[in-house]
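Novice: Shown below is the structure under consideration.
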Amino acid sequence: VPEQPTLGNTDYAFEMAISNIRYGEGVTKEIGMDLQNLGARRVCLMTDKNLSKLPPVNAVLNSLAKYGINFQIYDNVRVEPTDQSFLDAIKFAKKGEFDAYVAVGGGSVIDTCKAANLYAASPTSEFLDYVNAPIGKGKPVTVPLKPLIAVPTTSGTGSETTGVAIFDFKELKVKTGIASRAIKPTLGIIDPLHTLSMPERIVANSGFDVLCHALESYTALPYNMRSPCPSNPINRPAYQGSNPISDVWALHALRIVAKYLKRAIRNPEDREARANMHLASAFAGIGFGNAGVHLCHGMSYPISGLVKTYKPKDYNVDHSLVPHGLSVVLTSPAVFAFTAQIHPERHLEAAEILGADIRTARIKDAGFILADTLRKFLFDLNVDDGLAAIGYSKADIPALVKGTLPQERVTKLSPRPQTEEDLSALFEASMKLY
């Protein structure tokens, strides 16, 4: 695209794309009016079995009833979705011929609803057409989608702001996803009242996702060092590398996490802390939704996908699972010790925000300082002692590395390139944290 060829065909531009966001206590009651304003006649309400009995879904149902909105409910969303659970939701969406969608839940629900909306709008597409390469074909989305209103009930994924939908691809035992600006919600309704029903460990694990979104997007490869430069803007990826706009949001989210996450976990009645974490989740979403994430997320996908028997406290599920935020944060000390030799000043700045005293720190120690700060943070919050504590051993490292290799969409955004040996060493270093 540039008249002057760029060095090594790297990109020269970045694009800011986020959903509209509405924030306020009790703002969920406006959803019925929003759907009325859109002229929606057949609405699909997606949630999961646990949430369908809780106040957030109730608040949405009340609003839909009050404004006479015709809807069908789909509450079969799986926590940590799979290709099959996506396909089940897609089938429901195609059959319903909906003209608008409402997703009430955490990232699992919002991501499932994004996929349902996409494939219902593109009924002749094969499932792998839009799945990220190299697992799928990664085709650009050119069909118009229906409006989607996302109502997050956790303070973690930031999925209400992003064009990304993540799932477990069971056959390959890896997590992958669909990434396109076209699938981002039309509107994110951020109602802090919904966070009051979250149990302690769900607050913690979703908060760790916010922490890693902020850290990874701030330390990601800069946008103008990412290659290849797209020949057409439709091919510019949603995850573009760190850039001046995403940096602002990532740092702001990190400051809120440092101030409020521990409070939000320790005291469910602390409305100020929980409301701020709900906002931090959206802020970090704006950051990473445009910059992308890197190694913590790339390595987290096989950690989740290869789970054996681990069942986390506070999660009411009938299958083994490693919550996404936990799978991401367990490698964070090792990852940032590894990436810090590139942009050490950013790693040091992050450590200071999280409470490290850096007055006498040497810039070359930035990675160790950030890693130690993260370990202390996790220890204070009773986080499992590394991958060994959730059922992995050194014997699993080759499979974990193999599951990380296809995650190029994110691993290539690491500021420091990594070999298979590097990944093995990072998994080994994450077996025990303390």
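Every chain in the structure tokens has a letter given in the order shown (A, B, ...), and although residue numbers restart at 1 in each chain, ligands are simply numbered from 1 in the order shown.
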Got a sec: who's within 12 Å of A:Arg271, counting only C-alpha atoms, leaving out chain neighbours fewer than 3 positions off, as number ranges by chain?
Specialist: A: 25, 191-198, 260-261, 263-268, 274-278
Novice: Quick one: residues within 9 Å of stretch 356-360 of chain A, only C-alpha atoms, excluding same-chain residues fewer than 5 positions away - as an MDAnalysis selection string?
Specialist: chainID A and resid 348:351 369:370 372:373
Novice: Would you mind exporting N, CA and C atoms of the selected residues as a PDB file, in the first residue's frame?
Specialist:
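Dumped to again.pdb:
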ATOM      1  N   LEU A 348       9.255  -2.459  33.376  1.00  0.00           N
ATOM      2  CA  LEU A 348       9.544  -1.823  34.674  1.00  0.00           C
ATOM      3  C   LEU A 348       8.395  -0.898  35.089  1.00  0.00           C
ATOM      4  N   GLU A 349       7.849  -0.177  34.108  1.00  0.00           N
ATOM      5  CA  GLU A 349       6.713   0.713  34.379  1.00  0.00           C
ATOM      6  C   GLU A 349       5.509  -0.095  34.888  1.00  0.00           C
ATOM      7  N   ALA A 350       5.287  -1.248  34.275  1.00  0.00           N
ATOM      8  CA  ALA A 350       4.172  -2.114  34.704  1.00  0.00           C
ATOM      9  C   ALA A 350       4.402  -2.613  36.134  1.00  0.00           C
ATOM     10  N   ALA A 351       5.638  -3.003  36.435  1.00  0.00           N
ATOM     11  CA  ALA A 351       5.959  -3.485  37.791  1.00  0.00           C
ATOM     12  C   ALA A 351       5.704  -2.388  38.818  1.00  0.00           C
ATOM     13  N   ILE A 369      12.054  -8.171  38.009  1.00  0.00           N
ATOM     14  CA  ILE A 369      11.271  -7.346  38.947  1.00  0.00           C
ATOM     15  C   ILE A 369       9.773  -7.522  38.674  1.00  0.00           C
ATOM     16  N   LEU A 370       9.386  -7.493  37.391  1.00  0.00           N
ATOM     17  CA  LEU A 370       7.971  -7.676  37.069  1.00  0.00           C
ATOM     18  C   LEU A 370       7.510  -9.094  37.441  1.00  0.00           C
ATOM     19  N   ASP A 372       8.700 -11.061  39.799  1.00  0.00           N
ATOM     20  CA  ASP A 372       8.578 -11.159  41.274  1.00  0.00           C
ATOM     21  C   ASP A 372       7.329 -10.439  41.773  1.00  0.00           C
ATOM     22  N   THR A 373       7.047  -9.287  41.168  1.00  0.00           N
ATOM     23  CA  THR A 373       5.857  -8.521  41.554  1.00  0.00           C
ATOM     24  C   THR A 373       4.591  -9.335  41.275  1.00  0.00           C
TER      25      THR A 373
END
Novice: Quick one: residues within 10 Å of A:Ala425, only C-alpha atoms, excluding same-chain residues fewer than 6 positions away - as a list in words?
Specialist: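 Neighbouring residues, sequence-local ones excluded: Ala334, Phe338, Ile397, Val401 and Thr419 of chain A.
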Novice: Excluding A:Pro312 and residues on its chain fewer than 6 positions from it, collect all residues at most 10 Å away from it, counting only C-alpha atoms, and give them as a short mmCIF file (atom, residue, chain, number, x, y, z; two decimals) with N, CA, C and O atoms, in the first residue's frame.
Specialist:
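Final output, selection-v2.cif:
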data_model
loop_
_atom_site.label_atom_id
_atom_site.label_comp_id
_atom_site.auth_asym_id
_atom_site.auth_seq_id
_atom_site.Cartn_x
_atom_site.Cartn_y
_atom_site.Cartn_z
N ARG A 201 -13.82 -16.73 43.53
CA ARG A 201 -12.81 -17.23 42.57
C ARG A 201 -13.11 -16.77 41.15
O ARG A 201 -12.21 -16.62 40.33
N ILE A 202 -14.39 -16.53 40.85
CA ILE A 202 -14.72 -16.03 39.50
C ILE A 202 -14.26 -14.58 39.38
O ILE A 202 -13.72 -14.17 38.35
N SER A 320 -14.39 -30.98 33.62
CA SER A 320 -13.12 -30.40 34.08
C SER A 320 -12.85 -29.14 33.28
O SER A 320 -13.10 -29.10 32.08
N LEU A 321 -12.33 -28.13 33.95
CA LEU A 321 -11.93 -26.95 33.20
C LEU A 321 -10.92 -26.13 33.98
O LEU A 321 -10.92 -26.12 35.21
N VAL A 322 -10.03 -25.47 33.24
CA VAL A 322 -9.14 -24.47 33.83
C VAL A 322 -9.72 -23.13 33.41
O VAL A 322 -9.76 -22.82 32.21
N PRO A 323 -10.22 -22.32 34.36
CA PRO A 323 -10.79 -21.02 33.96
C PRO A 323 -9.78 -20.22 33.15
O PRO A 323 -8.57 -20.25 33.43
N LEU A 326 -7.17 -17.99 34.86
CA LEU A 326 -6.16 -18.76 35.59
C LEU A 326 -5.13 -19.35 34.62
O LEU A 326 -3.92 -19.29 34.85
N ILE A 390 -2.44 -27.63 39.02
CA ILE A 390 -3.71 -27.87 38.31
C ILE A 390 -3.62 -29.14 37.47
O ILE A 390 -4.44 -29.36 36.57
#
Novice: Taking 3 positions as the minimum chain separation for residues in the same chain, which residues sit within 7 Å of A:Ser281 when counting only C-alpha atoms? Answer as a PyMOL selection string.
Specialist: chain A and resi 155-158+210+277-278+284-285
Novice: With all heavy atoms retained, write the just-selected residues as an mmCIF file, in the first residue's frame.
Specialist:
data_model
loop_
_atom_site.group_PDB
_atom_site.id
_atom_site.type_symbol
_atom_site.label_atom_id
_atom_site.label_comp_id
_atom_site.auth_asym_id
_atom_site.auth_seq_id
_atom_site.Cartn_x
_atom_site.Cartn_y
_atom_site.Cartn_z
ATOM 1 N N SER A 155 -16.037 -9.566 35.174
ATOM 2 C CA SER A 155 -15.133 -8.441 34.913
ATOM 3 C C SER A 155 -13.818 -9.014 34.427
ATOM 4 O O SER A 155 -12.836 -9.052 35.152
ATOM 5 C CB SER A 155 -14.930 -7.639 36.190
ATOM 6 O OG SER A 155 -16.182 -7.257 36.705
ATOM 7 N N GLY A 156 -13.830 -9.495 33.180
ATOM 8 C CA GLY A 156 -12.632 -10.186 32.726
ATOM 9 C C GLY A 156 -12.342 -10.093 31.257
ATOM 10 O O GLY A 156 -11.389 -9.456 30.844
ATOM 11 N N THR A 157 -13.184 -10.682 30.427
ATOM 12 C CA THR A 157 -12.769 -10.880 29.035
ATOM 13 C C THR A 157 -12.759 -9.604 28.223
ATOM 14 O O THR A 157 -12.043 -9.508 27.238
ATOM 15 C CB THR A 157 -13.710 -11.865 28.325
ATOM 16 O OG1 THR A 157 -15.009 -11.275 28.277
ATOM 17 C CG2 THR A 157 -13.787 -13.179 29.060
ATOM 18 N N GLY A 158 -13.594 -8.630 28.591
ATOM 19 C CA GLY A 158 -13.713 -7.450 27.730
ATOM 20 C C GLY A 158 -14.350 -7.796 26.403
ATOM 21 O O GLY A 158 -14.294 -7.025 25.442
ATOM 22 N N VAL A 210 -8.024 -9.614 32.957
ATOM 23 C CA VAL A 210 -7.849 -8.166 32.750
ATOM 24 C C VAL A 210 -6.376 -7.788 32.922
ATOM 25 O O VAL A 210 -5.797 -7.054 32.110
ATOM 26 C CB VAL A 210 -8.705 -7.353 33.749
ATOM 27 C CG1 VAL A 210 -8.521 -5.856 33.522
ATOM 28 C CG2 VAL A 210 -10.180 -7.715 33.624
ATOM 29 N N MET A 277 -13.631 -2.665 38.614
ATOM 30 C CA MET A 277 -13.104 -3.816 37.863
ATOM 31 C C MET A 277 -13.946 -4.091 36.616
ATOM 32 O O MET A 277 -13.433 -4.523 35.580
ATOM 33 C CB MET A 277 -13.037 -5.067 38.752
ATOM 34 C CG MET A 277 -11.849 -5.090 39.709
ATOM 35 S SD MET A 277 -10.235 -4.891 38.891
ATOM 36 C CE MET A 277 -10.223 -6.302 37.771
ATOM 37 N N HIS A 278 -15.248 -3.816 36.695
ATOM 38 C CA HIS A 278 -16.115 -3.999 35.524
ATOM 39 C C HIS A 278 -15.705 -3.028 34.409
ATOM 40 O O HIS A 278 -15.669 -3.398 33.232
ATOM 41 C CB HIS A 278 -17.574 -3.745 35.949
ATOM 42 C CG HIS A 278 -18.562 -4.607 35.239
ATOM 43 N ND1 HIS A 278 -18.300 -5.900 34.836
ATOM 44 C CD2 HIS A 278 -19.850 -4.369 34.841
ATOM 45 C CE1 HIS A 278 -19.370 -6.407 34.230
ATOM 46 N NE2 HIS A 278 -20.327 -5.493 34.216
ATOM 47 N N ALA A 284 -9.411 -2.614 29.322
ATOM 48 C CA ALA A 284 -8.382 -3.532 28.829
ATOM 49 C C ALA A 284 -8.819 -4.149 27.504
ATOM 50 O O ALA A 284 -8.004 -4.395 26.617
ATOM 51 C CB ALA A 284 -8.101 -4.625 29.863
ATOM 52 N N GLY A 285 -10.144 -4.374 27.356
ATOM 53 C CA GLY A 285 -10.673 -4.910 26.097
ATOM 54 C C GLY A 285 -10.416 -3.963 24.937
ATOM 55 O O GLY A 285 -10.046 -4.393 23.840
#
Novice: I want to know what sits within 8 Å of A:His294, based on only C-alpha atoms, with residues of the same chain fewer than 5 positions away left out; could you give that as a count of residues only?
Specialist: 8
Novice: Env of stretch 11-19 of chain A: 8 Å cut, atoms = only C-alpha atoms, seq-sep filter 4 positions within chain, self excluded. Answer as a PyMOL selection string.
Specialist: chain A and resi 2+6+160-162+181+184-188+223-230+240+243+245+286+289-290
Novice: Any chance you could tabulate, as a Markdown table, the residues of stretch 150-231 of chain A at most 9 Å from stretch 78-94 of chain A with each one's nearest atom pair and distance in Å to one decimal, using only C-alpha atoms, in chain and rising number order?
Specialist:
| residue | atom | partner | partner_atom | distance |
| --- | --- | --- | --- | --- |
| A:Ile166 | CA | A:Pro81 | CA | 7.6 |
| A:Phe167 | CA | A:Thr82 | CA | 4.9 |
| A:Asp168 | CA | A:Thr82 | CA | 4.3 |
| A:Phe169 | CA | A:Asp83 | CA | 5.4 |
| A:Lys170 | CA | A:Thr82 | CA | 6.6 |
| A:Lys175 | CA | A:Thr82 | CA | 8.3 |
Novice: Using only C-alpha atoms, can you tell me which of A:Asn316, A:Asn205, A:Ser231, A:Thr404 comes closest to A:Tyr301?
Specialist: A:Thr404
Novice: Would you please extract all strand (DSSP E or B) residues from stretch 120-220 of chain A, as assigned by DSSP on the backbone, and give them as JSON, numbers by chain?
Specialist: {"A": [148, 149, 150, 151, 152, 164, 165, 166, 167, 168, 169, 174, 175, 176, 177, 178, 179, 187, 188, 189, 190]}
Novice: Write the residues of the preceding selection, restricted to N, CA and C atoms, as a CSV table (one decimal), in the first residue's frame.
Specialist:
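Everything below was put into result-v8.csv:
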chain,number,residue,atom,x,y,z
A,148,LEU,N,-25.9,-6.9,17.8
A,148,LEU,CA,-25.7,-7.7,19.0
A,148,LEU,C,-25.4,-6.8,20.2
A,149,ILE,N,-26.2,-7.0,21.2
A,149,ILE,CA,-26.0,-6.2,22.5
A,149,ILE,C,-25.4,-7.2,23.5
A,150,ALA,N,-24.3,-6.8,24.0
A,150,ALA,CA,-23.6,-7.7,25.0
A,150,ALA,C,-23.7,-7.1,26.4
A,151,VAL,N,-24.1,-8.0,27.3
A,151,VAL,CA,-24.3,-7.6,28.7
A,151,VAL,C,-23.3,-8.4,29.6
A,152,PRO,N,-22.1,-8.0,29.8
A,152,PRO,CA,-21.1,-8.8,30.6
A,152,PRO,C,-21.5,-8.9,32.0
A,164,VAL,N,-13.5,-10.7,18.8
A,164,VAL,CA,-12.8,-12.0,18.9
A,164,VAL,C,-13.7,-12.9,19.6
A,165,ALA,N,-13.8,-14.2,19.1
A,165,ALA,CA,-14.6,-15.2,19.8
A,165,ALA,C,-13.7,-16.5,19.9
A,166,ILE,N,-13.5,-17.0,21.1
A,166,ILE,CA,-12.6,-18.0,21.4
A,166,ILE,C,-13.3,-19.3,21.7
A,167,PHE,N,-12.8,-20.5,21.3
A,167,PHE,CA,-13.4,-21.8,21.6
A,167,PHE,C,-12.3,-22.9,21.6
A,168,ASP,N,-12.7,-24.0,22.3
A,168,ASP,CA,-11.8,-25.2,22.3
A,168,ASP,C,-12.1,-26.0,21.0
A,169,PHE,N,-11.1,-26.3,20.2
A,169,PHE,CA,-11.2,-27.1,19.1
A,169,PHE,C,-10.9,-28.5,19.5
A,174,VAL,N,-6.9,-27.9,21.1
A,174,VAL,CA,-6.3,-26.6,21.3
A,174,VAL,C,-7.5,-25.6,21.3
A,175,LYS,N,-7.2,-24.4,21.9
A,175,LYS,CA,-8.1,-23.3,21.8
A,175,LYS,C,-7.7,-22.5,20.5
A,176,THR,N,-8.7,-22.0,19.8
A,176,THR,CA,-8.5,-21.1,18.7
A,176,THR,C,-9.7,-20.1,18.7
A,177,GLY,N,-9.9,-19.5,17.6
A,177,GLY,CA,-11.0,-18.5,17.6
A,177,GLY,C,-11.3,-17.9,16.3
A,178,ILE,N,-12.1,-16.9,16.3
A,178,ILE,CA,-12.5,-16.2,15.1
A,178,ILE,C,-12.1,-14.7,15.5
A,179,ALA,N,-11.4,-14.0,14.6
A,179,ALA,CA,-11.1,-12.6,14.9
A,179,ALA,C,-11.4,-11.8,13.7
A,187,LEU,N,-23.2,-2.9,20.8
A,187,LEU,CA,-23.3,-2.2,22.1
A,187,LEU,C,-23.0,-3.1,23.2
A,188,GLY,N,-22.1,-2.6,24.1
A,188,GLY,CA,-21.8,-3.3,25.4
A,188,GLY,C,-22.5,-2.5,26.5
A,189,ILE,N,-23.3,-3.3,27.2
A,189,ILE,CA,-24.1,-2.6,28.4
A,189,ILE,C,-23.3,-3.0,29.7
A,190,ILE,N,-22.6,-2.1,30.2
A,190,ILE,CA,-21.8,-2.4,31.4
A,190,ILE,C,-22.5,-1.9,32.7
